[in-house]
>>> print(open('upload-v7.txt').read())   # compact mmCIF, C-alpha atoms and all ligand atoms
# COMPACT_ATOMS: atom_id res chain seq x y z
CA MET A 1341 74.70 44.37 -57.40
CA GLU A 1342 71.21 45.68 -58.09
CA THR A 1343 69.92 47.94 -55.31
CA SER A 1344 66.23 48.50 -54.67
CA SER A 1345 66.38 52.04 -56.14
CA ASN A 1346 67.97 51.03 -59.43
CA THR A 1347 65.64 47.98 -59.63
CA SER A 1348 62.66 50.29 -59.91
CA ILE A 1349 64.38 52.38 -62.63
CA LYS A 1350 65.40 49.40 -64.76
CA ASN A 1351 62.34 47.18 -64.30
CA PRO A 1352 59.08 48.91 -65.10
CA THR A 1353 55.88 47.65 -63.53
CA ARG A 1354 52.63 47.18 -65.39
CA PHE A 1355 50.79 48.72 -62.44
CA SER A 1356 52.32 52.19 -62.80
CA LYS A 1357 49.06 53.64 -64.16
CA VAL A 1358 47.02 52.51 -61.16
CA THR A 1359 45.33 55.38 -59.40
CA SER A 1360 43.99 55.22 -55.85
CA VAL A 1361 40.33 55.10 -55.00
CA PRO A 1362 39.08 57.04 -51.96
CA THR A 1363 39.81 55.21 -48.72
CA ASN A 1364 36.99 54.10 -46.43
CA LYS A 1365 36.14 57.04 -44.19
CA ILE A 1366 34.97 54.80 -41.34
CA PHE A 1367 38.23 52.86 -41.19
CA ASP A 1368 40.24 56.09 -41.60
CA SER A 1369 38.40 57.60 -38.65
CA MET A 1370 39.41 54.61 -36.51
CA LYS A 1371 43.09 55.48 -37.04
CA ILE A 1372 42.59 59.20 -36.31
CA PHE A 1373 40.50 58.27 -33.27
CA GLU A 1374 43.25 56.00 -31.91
CA SER A 1375 45.86 58.74 -32.20
CA SER A 1376 43.66 61.51 -30.73
CA THR A 1377 44.63 62.61 -27.21
CA ASN A 1378 41.26 64.28 -26.54
CA PRO A 1379 39.93 62.53 -23.37
CA ASN A 1380 36.36 63.06 -24.62
CA LYS A 1381 36.96 61.59 -28.07
CA LEU A 1382 34.12 59.52 -29.47
CA ASN A 1383 34.16 57.10 -32.37
CA LEU A 1384 30.52 56.80 -33.31
CA ALA A 1385 31.22 55.91 -36.96
CA ILE A 1386 32.16 52.24 -36.73
CA GLY A 1387 29.22 49.88 -36.18
CA MET A 1388 30.59 47.84 -33.28
CA LEU A 1389 29.08 47.43 -29.83
CA PHE A 1390 30.87 49.07 -26.90
CA ASN A 1391 30.08 49.22 -23.19
CA GLU A 1392 30.37 52.13 -20.74
CA ASP A 1393 34.13 51.48 -20.37
CA GLN A 1394 34.56 51.92 -24.11
CA ASN A 1395 35.50 48.24 -24.43
CA LEU A 1396 33.88 45.92 -26.97
CA ILE A 1397 30.84 44.17 -25.55
CA GLU A 1398 31.40 40.44 -25.17
CA PHE A 1399 28.41 38.14 -25.11
CA GLN A 1400 28.33 35.68 -22.20
CA SER A 1401 26.66 33.15 -24.50
CA VAL A 1402 29.54 33.40 -26.98
CA LYS A 1403 32.11 32.82 -24.23
CA MET A 1404 30.18 29.76 -23.01
CA ALA A 1405 30.00 28.40 -26.57
CA GLU A 1406 33.74 28.95 -27.06
CA LYS A 1407 34.45 26.89 -23.93
CA ILE A 1408 32.27 24.04 -25.22
CA ILE A 1409 33.94 24.16 -28.64
CA HIS A 1410 37.42 24.25 -27.12
CA GLU A 1411 36.68 21.25 -24.92
CA ALA A 1412 35.19 19.28 -27.83
CA LYS A 1413 38.64 19.27 -29.53
CA LEU A 1414 37.08 19.35 -33.01
CA ASN A 1415 39.27 18.56 -35.98
CA LYS A 1416 40.18 21.02 -38.70
CA GLU A 1417 39.10 19.19 -41.82
CA TYR A 1418 37.58 21.07 -44.76
CA PRO A 1419 33.91 21.85 -44.12
CA PRO A 1420 31.23 21.38 -46.79
CA ILE A 1421 31.37 24.40 -49.16
CA GLN A 1422 27.82 25.44 -48.24
CA GLY A 1423 28.77 25.34 -44.53
CA LEU A 1424 27.99 23.16 -41.53
CA PRO A 1425 24.47 21.70 -41.66
CA GLU A 1426 23.91 22.58 -37.98
CA PHE A 1427 24.91 26.21 -38.63
CA ASN A 1428 22.63 26.45 -41.64
CA SER A 1429 19.66 24.91 -39.84
CA THR A 1430 20.01 26.96 -36.64
CA VAL A 1431 20.31 30.21 -38.60
CA GLN A 1432 17.39 29.22 -40.83
CA ASN A 1433 15.33 28.56 -37.67
CA LEU A 1434 15.77 32.21 -36.68
CA PHE A 1435 13.54 33.09 -39.63
CA PHE A 1436 11.47 29.96 -40.28
CA SER A 1437 10.51 27.32 -37.72
CA PRO A 1438 10.89 23.68 -38.82
CA ASP A 1439 7.09 23.36 -39.06
CA SER A 1440 6.65 26.42 -41.31
CA LYS A 1441 5.29 25.78 -44.80
CA VAL A 1442 8.44 26.80 -46.67
CA VAL A 1443 10.43 24.27 -44.63
CA THR A 1444 7.99 21.34 -44.68
CA GLU A 1445 7.45 21.87 -48.42
CA GLU A 1446 11.25 22.02 -48.90
CA ARG A 1447 11.12 25.34 -50.73
CA ILE A 1448 14.05 26.82 -48.84
CA LEU A 1449 17.83 26.51 -48.83
CA THR A 1450 20.43 28.04 -46.56
CA CYS A 1451 24.10 28.42 -47.31
CA HIS A 1452 26.94 29.69 -45.08
CA THR A 1453 28.70 32.66 -46.72
CA ILE A 1454 31.57 33.90 -44.49
CA THR A 1455 29.89 37.22 -43.53
CA GLY A 1456 26.70 39.15 -44.19
CA GLY A 1457 28.53 41.16 -46.84
CA ALA A 1458 29.52 37.90 -48.53
CA ALA A 1459 25.88 36.72 -48.42
CA LEU A 1460 24.97 39.86 -50.35
CA ARG A 1461 27.84 39.18 -52.78
CA VAL A 1462 26.68 35.59 -53.40
CA CYS A 1463 23.15 36.95 -53.80
CA ALA A 1464 24.45 39.35 -56.48
CA GLU A 1465 25.96 36.37 -58.37
CA VAL A 1466 22.68 34.45 -58.17
CA ILE A 1467 20.81 37.45 -59.58
CA LEU A 1468 23.41 37.87 -62.32
CA LYS A 1469 23.04 34.21 -63.31
CA PHE A 1470 19.27 33.72 -63.11
CA LEU A 1471 17.26 36.91 -62.67
CA PRO A 1472 16.81 40.34 -64.29
CA LYS A 1473 20.16 42.10 -63.93
CA LYS A 1474 18.93 45.08 -62.02
CA ILE A 1475 18.47 45.79 -58.32
CA TYR A 1476 16.57 48.57 -56.58
CA LEU A 1477 18.12 50.05 -53.43
CA SER A 1478 16.65 52.52 -50.96
CA ASN A 1479 17.57 56.17 -51.16
CA LEU A 1480 19.49 56.62 -48.80
CA THR A 1481 21.26 53.36 -48.16
CA TRP A 1482 24.39 51.55 -46.96
CA GLY A 1483 27.38 52.62 -49.10
CA PRO A 1484 29.02 49.23 -49.87
CA TYR A 1485 25.94 47.93 -51.73
CA LYS A 1486 27.10 49.92 -54.73
CA ASN A 1487 30.25 47.81 -55.09
CA ILE A 1488 28.65 44.55 -53.96
CA PHE A 1489 26.00 44.85 -56.69
CA SER A 1490 28.28 46.50 -59.27
CA SER A 1491 27.68 43.69 -61.79
CA LEU A 1492 24.00 44.72 -61.86
CA GLU A 1493 22.24 47.87 -62.91
CA ILE A 1494 21.33 49.83 -59.80
CA GLU A 1495 18.37 52.12 -59.30
CA TYR A 1496 17.20 53.86 -56.16
CA PHE A 1497 13.65 53.85 -54.83
CA PRO A 1498 12.36 56.70 -52.64
CA TYR A 1499 12.65 55.84 -48.96
CA TYR A 1500 13.87 58.69 -46.76
CA ASN A 1501 12.44 62.15 -47.39
CA SER A 1502 15.00 64.63 -46.09
CA GLU A 1503 12.64 67.60 -46.40
CA LEU A 1504 9.89 65.97 -44.37
CA LYS A 1505 12.40 64.17 -42.15
CA LYS A 1506 10.51 60.92 -42.46
CA LEU A 1507 10.24 57.64 -44.22
CA ASP A 1508 8.12 58.24 -47.32
CA LEU A 1509 5.82 55.21 -47.61
CA GLU A 1510 3.51 56.82 -50.18
CA ALA A 1511 6.39 57.61 -52.55
CA PHE A 1512 7.82 54.11 -52.06
CA LEU A 1513 4.49 52.40 -52.78
CA SER A 1514 3.76 54.39 -55.89
CA TYR A 1515 7.32 53.79 -57.14
CA ILE A 1516 7.18 50.00 -56.75
CA GLU A 1517 3.71 50.04 -58.37
CA LYS A 1518 5.21 51.75 -61.43
CA ILE A 1519 8.41 49.77 -62.02
CA GLU A 1520 8.43 46.63 -64.17
CA ASN A 1521 6.81 43.46 -62.80
CA GLY A 1522 9.22 41.00 -61.18
CA SER A 1523 11.71 43.66 -60.06
CA ILE A 1524 14.36 42.82 -57.49
CA ILE A 1525 14.12 45.09 -54.50
CA ASN A 1526 16.60 45.28 -51.63
CA LEU A 1527 14.94 45.84 -48.28
CA GLN A 1528 16.82 46.23 -45.03
CA LEU A 1529 14.92 44.14 -42.51
CA SER A 1530 15.55 46.26 -39.42
CA SER A 1531 17.74 49.02 -37.99
CA HIS A 1532 18.00 50.69 -41.40
CA ASN A 1533 21.51 51.88 -42.19
CA PRO A 1534 21.91 54.85 -42.29
CA THR A 1535 18.49 56.43 -41.67
CA ALA A 1536 17.46 54.50 -38.51
CA LEU A 1537 13.92 54.45 -39.95
CA ASP A 1538 12.16 51.12 -40.52
CA PHE A 1539 8.72 50.34 -41.91
CA THR A 1540 6.13 49.54 -39.22
CA PRO A 1541 4.04 46.31 -39.37
CA GLU A 1542 1.09 48.38 -40.64
CA GLN A 1543 3.27 49.78 -43.42
CA TRP A 1544 4.58 46.30 -44.32
CA ASP A 1545 0.92 45.25 -44.59
CA GLN A 1546 0.52 47.83 -47.35
CA ILE A 1547 3.77 46.83 -49.06
CA VAL A 1548 3.04 43.07 -49.20
CA PRO A 1549 0.04 43.26 -51.62
CA VAL A 1550 2.04 45.42 -54.04
CA PHE A 1551 4.94 42.93 -54.04
CA LYS A 1552 2.44 40.11 -54.57
CA ASN A 1553 0.53 41.79 -57.41
CA LYS A 1554 3.67 43.00 -59.14
CA LYS A 1555 5.51 39.67 -58.55
CA HIS A 1556 8.50 41.56 -57.18
CA PHE A 1557 11.40 39.66 -55.65
CA ALA A 1558 12.70 40.73 -52.23
CA VAL A 1559 16.33 40.75 -51.12
CA PHE A 1560 16.17 41.17 -47.36
CA ASP A 1561 19.34 42.36 -45.67
CA ALA A 1562 19.21 41.05 -42.11
CA ALA A 1563 22.42 42.57 -40.73
CA TYR A 1564 20.75 43.81 -37.54
CA LEU A 1565 18.30 41.06 -36.65
CA GLY A 1566 16.68 41.81 -33.29
CA TYR A 1567 17.76 45.43 -33.05
CA GLY A 1568 14.97 47.08 -35.04
CA THR A 1569 12.14 46.46 -32.60
CA GLY A 1570 14.17 44.87 -29.79
CA SER A 1571 12.66 41.45 -30.64
CA ILE A 1572 13.68 38.92 -33.28
CA GLU A 1573 10.10 37.71 -33.58
CA LYS A 1574 8.87 41.25 -34.31
CA ASP A 1575 11.78 42.07 -36.62
CA ILE A 1576 10.97 39.12 -38.89
CA TYR A 1577 7.34 40.24 -39.32
CA PRO A 1578 7.81 41.24 -43.00
CA ILE A 1579 9.60 37.99 -43.84
CA LYS A 1580 6.70 35.99 -42.38
CA GLN A 1581 4.19 38.09 -44.33
CA PHE A 1582 6.16 37.71 -47.56
CA ALA A 1583 6.39 33.93 -47.08
CA GLU A 1584 2.69 33.60 -46.27
CA ASN A 1585 1.90 35.49 -49.46
CA ASN A 1586 4.23 33.34 -51.56
CA ILE A 1587 6.54 36.21 -52.43
CA GLU A 1588 9.91 34.75 -53.37
CA MET A 1589 12.94 36.17 -51.61
CA MET A 1590 16.55 35.90 -50.56
CA ILE A 1591 17.67 36.78 -47.03
CA CYS A 1592 21.26 37.85 -46.32
CA TYR A 1593 22.05 37.28 -42.65
CA SER A 1594 25.01 38.63 -40.67
CA SER A 1595 25.90 37.50 -37.15
CA ALA A 1596 28.32 40.39 -36.50
CA LYS A 1597 25.93 42.65 -34.63
CA ASN A 1598 23.65 40.15 -32.95
CA PHE A 1599 26.52 37.99 -31.65
CA ALA A 1600 28.98 40.88 -31.17
CA ASN A 1601 31.53 38.54 -32.79
CA PHE A 1602 32.99 41.05 -35.23
CA SER A 1603 36.32 39.26 -35.77
CA ASP A 1604 34.58 35.89 -36.18
CA ASP A 1605 31.62 37.25 -38.15
CA VAL A 1606 29.61 34.68 -40.10
CA GLY A 1607 26.81 35.08 -42.59
CA ALA A 1608 24.25 33.04 -44.47
CA LEU A 1609 22.23 33.31 -47.64
CA ILE A 1610 18.69 31.94 -47.40
CA VAL A 1611 16.67 31.43 -50.57
CA VAL A 1612 12.88 30.96 -50.38
CA LEU A 1613 11.05 29.95 -53.54
CA ASN A 1614 7.49 28.97 -54.41
CA LYS A 1615 8.48 25.57 -55.79
CA LYS A 1616 10.58 22.76 -54.38
CA GLU A 1617 12.10 21.51 -57.64
CA PRO A 1618 14.59 24.33 -58.36
CA ILE A 1619 15.93 24.34 -54.79
CA VAL A 1620 18.18 21.29 -55.16
CA LYS A 1621 19.44 22.53 -58.53
CA LEU A 1622 20.08 26.02 -57.21
CA LYS A 1623 22.09 24.52 -54.35
CA THR A 1624 24.57 23.09 -56.87
CA HIS A 1625 25.07 26.58 -58.31
CA LEU A 1626 25.58 28.10 -54.86
CA VAL A 1627 28.39 25.64 -54.24
CA VAL A 1628 30.07 26.70 -57.51
CA ILE A 1629 29.59 30.41 -56.73
CA ALA A 1630 30.95 30.05 -53.19
CA ARG A 1631 33.93 27.99 -54.44
CA SER A 1632 34.80 30.66 -56.99
CA LEU A 1633 34.34 33.61 -54.63
CA PHE A 1634 35.92 32.37 -51.40
CA SER A 1635 36.24 28.56 -51.43
CA PHE A 1636 35.68 27.30 -47.90
CA VAL A 1637 34.23 29.17 -44.99
CA SER A 1638 36.06 29.24 -41.68
CA LEU A 1639 34.23 27.20 -39.09
CA TYR A 1640 35.15 29.00 -35.88
CA GLY A 1641 32.41 31.63 -36.03
CA SER A 1642 29.76 29.27 -37.35
CA ARG A 1643 30.47 26.77 -34.57
CA ILE A 1644 29.91 29.55 -32.04
CA VAL A 1645 26.60 30.58 -33.62
CA SER A 1646 25.31 27.02 -34.00
CA THR A 1647 26.41 26.06 -30.46
CA VAL A 1648 24.56 29.06 -29.00
CA LEU A 1649 21.44 28.68 -31.11
CA GLY A 1650 21.36 24.89 -30.87
CA ASN A 1651 21.54 24.75 -27.06
CA GLU A 1652 18.45 25.78 -25.10
CA GLU A 1653 20.38 27.09 -22.09
CA LEU A 1654 22.84 29.11 -24.20
CA ARG A 1655 20.05 30.43 -26.33
CA GLU A 1656 18.43 31.93 -23.24
CA VAL A 1657 21.76 33.50 -22.22
CA TRP A 1658 22.08 34.89 -25.77
CA LYS A 1659 18.62 36.45 -25.57
CA LYS A 1660 19.70 38.18 -22.34
CA ASP A 1661 22.95 39.33 -24.01
CA LEU A 1662 20.92 40.84 -26.84
CA GLN A 1663 18.49 42.41 -24.41
CA GLY A 1664 21.40 44.05 -22.59
CA VAL A 1665 22.58 45.74 -25.80
CA ILE A 1666 19.04 46.77 -26.73
CA GLU A 1667 18.46 48.38 -23.32
CA ARG A 1668 21.81 50.18 -23.47
CA ILE A 1669 20.99 51.62 -26.91
CA LEU A 1670 17.51 52.65 -25.82
CA LYS A 1671 18.86 54.44 -22.75
CA LEU A 1672 21.52 56.29 -24.75
CA ARG A 1673 19.00 57.26 -27.43
CA LEU A 1674 16.70 58.78 -24.81
CA MET A 1675 19.60 60.56 -23.09
CA VAL A 1676 20.78 62.13 -26.36
CA ILE A 1677 17.26 63.22 -27.31
CA GLU A 1678 16.62 64.71 -23.86
CA GLU A 1679 19.91 66.60 -23.97
CA ILE A 1680 19.16 67.93 -27.47
CA GLU A 1681 15.74 68.96 -26.20
CA ARG A 1682 17.29 70.78 -23.22
CA VAL A 1683 19.86 72.61 -25.37
CA SER A 1684 17.15 73.50 -27.92
CA ARG A 1685 14.96 74.98 -25.16
CA GLU A 1686 17.91 76.95 -23.80
CA ARG A 1687 18.71 78.34 -27.25
CA GLY A 1688 15.07 78.86 -28.25
CA LYS A 1689 15.83 76.95 -31.46
CA GLU A 1690 15.49 73.27 -32.28
CA LEU A 1691 18.98 71.84 -32.74
CA ILE A 1692 17.72 68.81 -34.68
CA ASN A 1693 14.08 67.98 -35.46
CA LEU A 1694 13.05 66.15 -32.27
CA GLU A 1695 10.07 64.35 -33.76
CA PHE A 1696 12.42 62.95 -36.40
CA LEU A 1697 14.85 61.71 -33.74
CA ARG A 1698 12.03 60.18 -31.68
CA SER A 1699 10.76 58.26 -34.72
CA GLN A 1700 14.09 56.43 -35.10
CA GLY A 1701 15.10 52.97 -33.90
CA GLY A 1702 17.79 50.29 -34.19
CA ILE A 1703 21.43 50.73 -33.26
CA TYR A 1704 21.90 53.99 -35.16
CA MET A 1705 20.80 57.57 -34.81
CA PHE A 1706 20.62 59.69 -37.96
CA LEU A 1707 21.06 63.46 -37.65
CA ASP A 1708 20.84 64.33 -41.37
CA ILE A 1709 23.51 67.04 -41.16
CA ASN A 1710 25.86 68.20 -43.89
CA GLU A 1711 29.43 67.05 -44.51
CA GLY A 1712 30.88 70.34 -43.25
CA CYS A 1713 29.32 69.69 -39.83
CA VAL A 1714 30.48 66.06 -39.79
CA ASP A 1715 34.03 67.17 -40.61
CA LYS A 1716 33.99 69.94 -38.01
CA LEU A 1717 32.84 67.54 -35.29
CA ALA A 1718 35.82 65.33 -36.15
CA GLU A 1719 38.40 68.10 -36.48
CA THR A 1720 37.38 70.28 -33.55
CA PHE A 1721 35.86 67.83 -31.08
CA SER A 1722 37.29 64.41 -32.04
CA ILE A 1723 33.76 63.11 -32.56
CA PHE A 1724 33.61 60.81 -35.55
CA LEU A 1725 30.30 60.20 -37.35
CA CYS A 1726 29.43 58.70 -40.73
CA GLU A 1727 28.21 60.61 -43.73
CA GLY A 1728 25.00 62.56 -43.04
CA GLY A 1729 25.63 62.33 -39.30
CA ARG A 1730 24.84 58.66 -38.80
CA LEU A 1731 26.03 57.58 -35.40
CA ASN A 1732 26.29 54.27 -33.61
CA LEU A 1733 24.62 54.82 -30.24
CA CYS A 1734 26.53 51.89 -28.77
CA GLY A 1735 29.78 53.80 -29.26
CA LEU A 1736 28.63 56.48 -26.81
CA GLN A 1737 29.02 56.55 -23.03
CA GLU A 1738 26.50 58.09 -20.65
CA ASP A 1739 28.98 60.58 -19.20
CA LYS A 1740 29.83 61.84 -22.68
CA VAL A 1741 26.28 62.57 -23.86
CA LYS A 1742 26.58 66.17 -22.68
CA TYR A 1743 29.93 66.67 -24.46
CA PHE A 1744 28.47 65.18 -27.62
CA VAL A 1745 25.40 67.40 -27.65
CA GLU A 1746 27.32 70.55 -26.63
CA SER A 1747 29.74 69.92 -29.52
CA LEU A 1748 26.83 69.37 -31.88
CA LYS A 1749 25.32 72.65 -30.71
CA ASP A 1750 28.59 74.45 -31.39
CA VAL A 1751 28.81 73.03 -34.89
CA LEU A 1752 25.16 73.56 -35.82
CA LEU A 1753 24.33 76.87 -34.19
CA ASN A 1754 27.57 78.87 -34.27
C1 LIG B 1 23.19 47.31 -43.92
C2 LIG B 1 24.31 46.34 -43.78
N1 LIG B 1 24.30 45.23 -44.51
C3 LIG B 1 25.29 44.33 -44.45
C4 LIG B 1 26.36 44.51 -43.60
C5 LIG B 1 27.50 43.54 -43.66
O1 LIG B 1 27.58 42.65 -42.65
P1 LIG B 1 28.96 41.93 -42.36
O2 LIG B 1 29.73 42.82 -41.47
O3 LIG B 1 28.56 40.64 -41.72
O4 LIG B 1 29.65 41.70 -43.67
C6 LIG B 1 26.41 45.66 -42.79
C7 LIG B 1 27.54 45.86 -41.88
O5 LIG B 1 27.74 46.88 -41.29
C8 LIG B 1 25.36 46.61 -42.89
O6 LIG B 1 25.36 47.73 -42.18
>>> encode(input="upload-v7.txt", output="structure tokens", more="lines below")
Ligand SMILES: Cc1ncc(COP(=O)(O)O)c(C=O)c1O
Amino acid sequence: METSSNTSIKNPTRFSKVTSVPTNKIFDSMKIFESSTNPNKLNLAIGMLFNEDQNLIEFQSVKMAEKIIHEAKLNKEYPPIQGLPEFNSTVQNLFFSPDSKVVTEERILTCHTITGGAALRVCAEVILKFLPKKIYLSNLTWGPYKNIFSSLEIEYFPYYNSELKKLDLEAFLSYIEKIENGSIINLQLSSHNPTALDFTPEQWDQIVPVFKNKKHFAVFDAAYLGYGTGSIEKDIYPIKQFAENNIEMMICYSSAKNFANFSDDVGALIVVLNKKEPIVKLKTHLVVIARSLFSFVSLYGSRIVSTVLGNEELREVWKKDLQGVIERILKLRLMVIEEIERVSRERGKELINLEFLRSQGGIYMFLDINEGCVDKLAETFSIFLCEGGRLNLCGLQEDKVKYFVESLKDVLLN
């Protein structure tokens, strides 16, 4: 009889030359965090929303929607490949009201895409098929873009200036003035990951004319809608300006953060063009792309989102849910900054540039510290951050702010 050990000797595998790629540091840190016995341990790397008890935040509006869905006893037939019409329209309404020009002129299409990451992936396929095969990303930016857009040439535009500790608008503007007309530029809509620095409305007002003159194409990543300014209406300011100025764009939406429905995350790709005619044709391609990448979307998450957004009462509850998270983040941000300020005063040396920290927003805080410090925080203090010292403020608890800042002091000043 063949045993498992002699099977592997006799029967070679064609995968024996496969080498591993580095594992995802964020997911690795989750495992180390789970096994740590340090009572003060903090996992600030993963971008999920936690409350003061270190439990995942659950939105009241989502629970109410789940009850409605459960009671409706919906069947489980295949959905349309581009997703439920009510999901697509309610998500689209977050960005464009039904009476907006792009909607009344039928120059827009919205397609359900599993998650926000999948929306970006479908977007990459659309670019590959129909547009110049190159995308510009901000420097710094979210790591997974590199793989998502790997079928395209990638270049980085100046965004965060580490020396000045600020967002470098002048460098960005002169860069996008210089690159070829019609370039495709990825812009994170709000709560920039990882720098926590977003353009202000006044800065967007300077960016819009350059996009218009140069006929650039915008790929907006809306993974944190509502969290940049604390208001969805204010967060979508650039999208409104781009639309009013007839700048074509794609928007990649994720519900993970603004519904706190991480396990039932859903996303959508929205395409806004200047002409109606290609929209219907493009839709047929999106169906083919979605079918080849992931076939059908699961409906559970999209039913939750469309039930919440499509019901006036639930929508109000949702806005309160969002407000609760926004206030929690704001409070923790201020507490961390005040504690850093106190420790800096005590030591007579600024621990981290305070003006830089005060200029940040969204769900993250960015410390801009080196890898050695990030590793030491993990190894010595069981505090897990992302590369560069990006931390999710919603992973922190008020009674651990002091421990966090004292640990940071130890790592940075000793
Ligand atoms: C900047 C950015 N874009 C896109 C995504 C992906 O969203 P999703 O989790 O829905 O795939 C994330 C998730 O963390 C993100 O940070």
>>> atom_distance(input="upload-v7.txt", atom1="CA of Gly1729 in chain A", atom2="CA of Ile1692 in chain A")
11.2 Å
>>> residues_around(input="upload-v7.txt", residues="Asn1391 in chain A", least_positions_apart="5", cutoff="10 Å", atoms="all atoms listed in the file", output="number ranges by chain")
A: 1396-1398, 1665, 1668, 1734-1738
>>> residues_around(input="upload-v7.txt", residues="Leu1504 in chain A", least_positions_apart="3", cutoff="12 Å", atoms="all atoms listed in the file", output="ChimeraX atom specification")
/A:1499-1501,1507-1509,1693,1695-1696,1708
>>> closest_residue(input="upload-v7.txt", among="A:Ile1576, A:Leu1654, A:Ile1629, A:Val1751", to="Ser1437 in chain A", atoms="only C-alpha atoms")
A:Ile1576
>>> closest_residue(input="upload-v7.txt", among="A:Met1370, A:Ile1454, A:Val1648, A:Ile1448", to="Phe1399 in chain A", atoms="all atoms listed in the file")
A:Val1648
>>> closest_residue(input="upload-v7.txt", among="A:Ser1356, A:Ser1642, A:Ser1375, A:Ser1684", to="Cys1451 in chain A", atoms="only C-alpha atoms")
A:Ser1642
>>> atom_distance(input="upload-v7.txt", atom1="CA of Ser1603 in chain A", atom2="CA of Gly1641 in chain A")
8.6 Å
>>> closest_atom_pairs(input="upload-v7.txt", of="chain A", to="ligand LIG 1 (chain B)", cutoff="10 Å", atoms="all atoms listed in the file", output="JSON lines")
{"residue": "A:Ile1386", "atom": "CA", "partner": "B:LIG1", "partner_atom": "O5", "distance": 8.3}
{"residue": "A:Gly1387", "atom": "CA", "partner": "B:LIG1", "partner_atom": "O5", "distance": 6.1}
{"residue": "A:Met1388", "atom": "CA", "partner": "B:LIG1", "partner_atom": "O5", "distance": 8.6}
{"residue": "A:Thr1453", "atom": "CA", "partner": "B:LIG1", "partner_atom": "O3", "distance": 9.4}
{"residue": "A:Ile1454", "atom": "CA", "partner": "B:LIG1", "partner_atom": "O3", "distance": 7.9}
{"residue": "A:Thr1455", "atom": "CA", "partner": "B:LIG1", "partner_atom": "O3", "distance": 4.1}
{"residue": "A:Gly1456", "atom": "CA", "partner": "B:LIG1", "partner_atom": "O3", "distance": 3.4}
{"residue": "A:Gly1457", "atom": "CA", "partner": "B:LIG1", "partner_atom": "O4", "distance": 3.4}
{"residue": "A:Ala1458", "atom": "CA", "partner": "B:LIG1", "partner_atom": "O4", "distance": 6.2}
{"residue": "A:Ala1459", "atom": "CA", "partner": "B:LIG1", "partner_atom": "O4", "distance": 7.8}
{"residue": "A:Leu1460", "atom": "CA", "partner": "B:LIG1", "partner_atom": "C3", "distance": 7.4}
{"residue": "A:Arg1461", "atom": "CA", "partner": "B:LIG1", "partner_atom": "O4", "distance": 9.6}
{"residue": "A:Thr1481", "atom": "CA", "partner": "B:LIG1", "partner_atom": "C1", "distance": 7.6}
{"residue": "A:Trp1482", "atom": "CA", "partner": "B:LIG1", "partner_atom": "C1", "distance": 5.4}
{"residue": "A:Gly1483", "atom": "CA", "partner": "B:LIG1", "partner_atom": "C1", "distance": 8.5}
{"residue": "A:Pro1484", "atom": "CA", "partner": "B:LIG1", "partner_atom": "N1", "distance": 8.2}
{"residue": "A:Tyr1485", "atom": "CA", "partner": "B:LIG1", "partner_atom": "N1", "distance": 7.9}
{"residue": "A:Leu1527", "atom": "CA", "partner": "B:LIG1", "partner_atom": "C1", "distance": 9.4}
{"residue": "A:Gln1528", "atom": "CA", "partner": "B:LIG1", "partner_atom": "C1", "distance": 6.6}
{"residue": "A:Leu1529", "atom": "CA", "partner": "B:LIG1", "partner_atom": "C1", "distance": 9.0}
{"residue": "A:Ser1530", "atom": "CA", "partner": "B:LIG1", "partner_atom": "C1", "distance": 8.9}
{"residue": "A:Ser1531", "atom": "CA", "partner": "B:LIG1", "partner_atom": "C1", "distance": 8.2}
{"residue": "A:His1532", "atom": "CA", "partner": "B:LIG1", "partner_atom": "C1", "distance": 6.7}
{"residue": "A:Asn1533", "atom": "CA", "partner": "B:LIG1", "partner_atom": "C1", "distance": 5.2}
{"residue": "A:Pro1534", "atom": "CA", "partner": "B:LIG1", "partner_atom": "C1", "distance": 7.8}
{"residue": "A:Phe1560", "atom": "CA", "partner": "B:LIG1", "partner_atom": "N1", "distance": 9.5}
{"residue": "A:Asp1561", "atom": "CA", "partner": "B:LIG1", "partner_atom": "N1", "distance": 5.8}
{"residue": "A:Ala1562", "atom": "CA", "partner": "B:LIG1", "partner_atom": "N1", "distance": 7.0}
{"residue": "A:Ala1563", "atom": "CA", "partner": "B:LIG1", "partner_atom": "N1", "distance": 5.0}
{"residue": "A:Tyr1564", "atom": "CA", "partner": "B:LIG1", "partner_atom": "C8", "distance": 7.6}
{"residue": "A:Cys1592", "atom": "CA", "partner": "B:LIG1", "partner_atom": "C3", "distance": 7.9}
{"residue": "A:Tyr1593", "atom": "CA", "partner": "B:LIG1", "partner_atom": "O3", "distance": 7.4}
{"residue": "A:Ser1594", "atom": "CA", "partner": "B:LIG1", "partner_atom": "O3", "distance": 4.2}
{"residue": "A:Ser1595", "atom": "CA", "partner": "B:LIG1", "partner_atom": "O3", "distance": 6.1}
{"residue": "A:Ala1596", "atom": "CA", "partner": "B:LIG1", "partner_atom": "O3", "distance": 5.2}
{"residue": "A:Lys1597", "atom": "CA", "partner": "B:LIG1", "partner_atom": "O3", "distance": 7.8}
{"residue": "A:Asn1601", "atom": "CA", "partner": "B:LIG1", "partner_atom": "O3", "distance": 9.6}
{"residue": "A:Phe1602", "atom": "CA", "partner": "B:LIG1", "partner_atom": "O2", "distance": 7.3}
{"residue": "A:Ser1603", "atom": "CA", "partner": "B:LIG1", "partner_atom": "O2", "distance": 9.4}
{"residue": "A:Asp1604", "atom": "CA", "partner": "B:LIG1", "partner_atom": "O3", "distance": 9.5}
{"residue": "A:Asp1605", "atom": "CA", "partner": "B:LIG1", "partner_atom": "O3", "distance": 5.8}
{"residue": "A:Val1606", "atom": "CA", "partner": "B:LIG1", "partner_atom": "O3", "distance": 6.3}
{"residue": "A:Gly1607", "atom": "CA", "partner": "B:LIG1", "partner_atom": "O3", "distance": 5.9}
{"residue": "A:Ala1608", "atom": "CA", "partner": "B:LIG1", "partner_atom": "O3", "distance": 9.2}
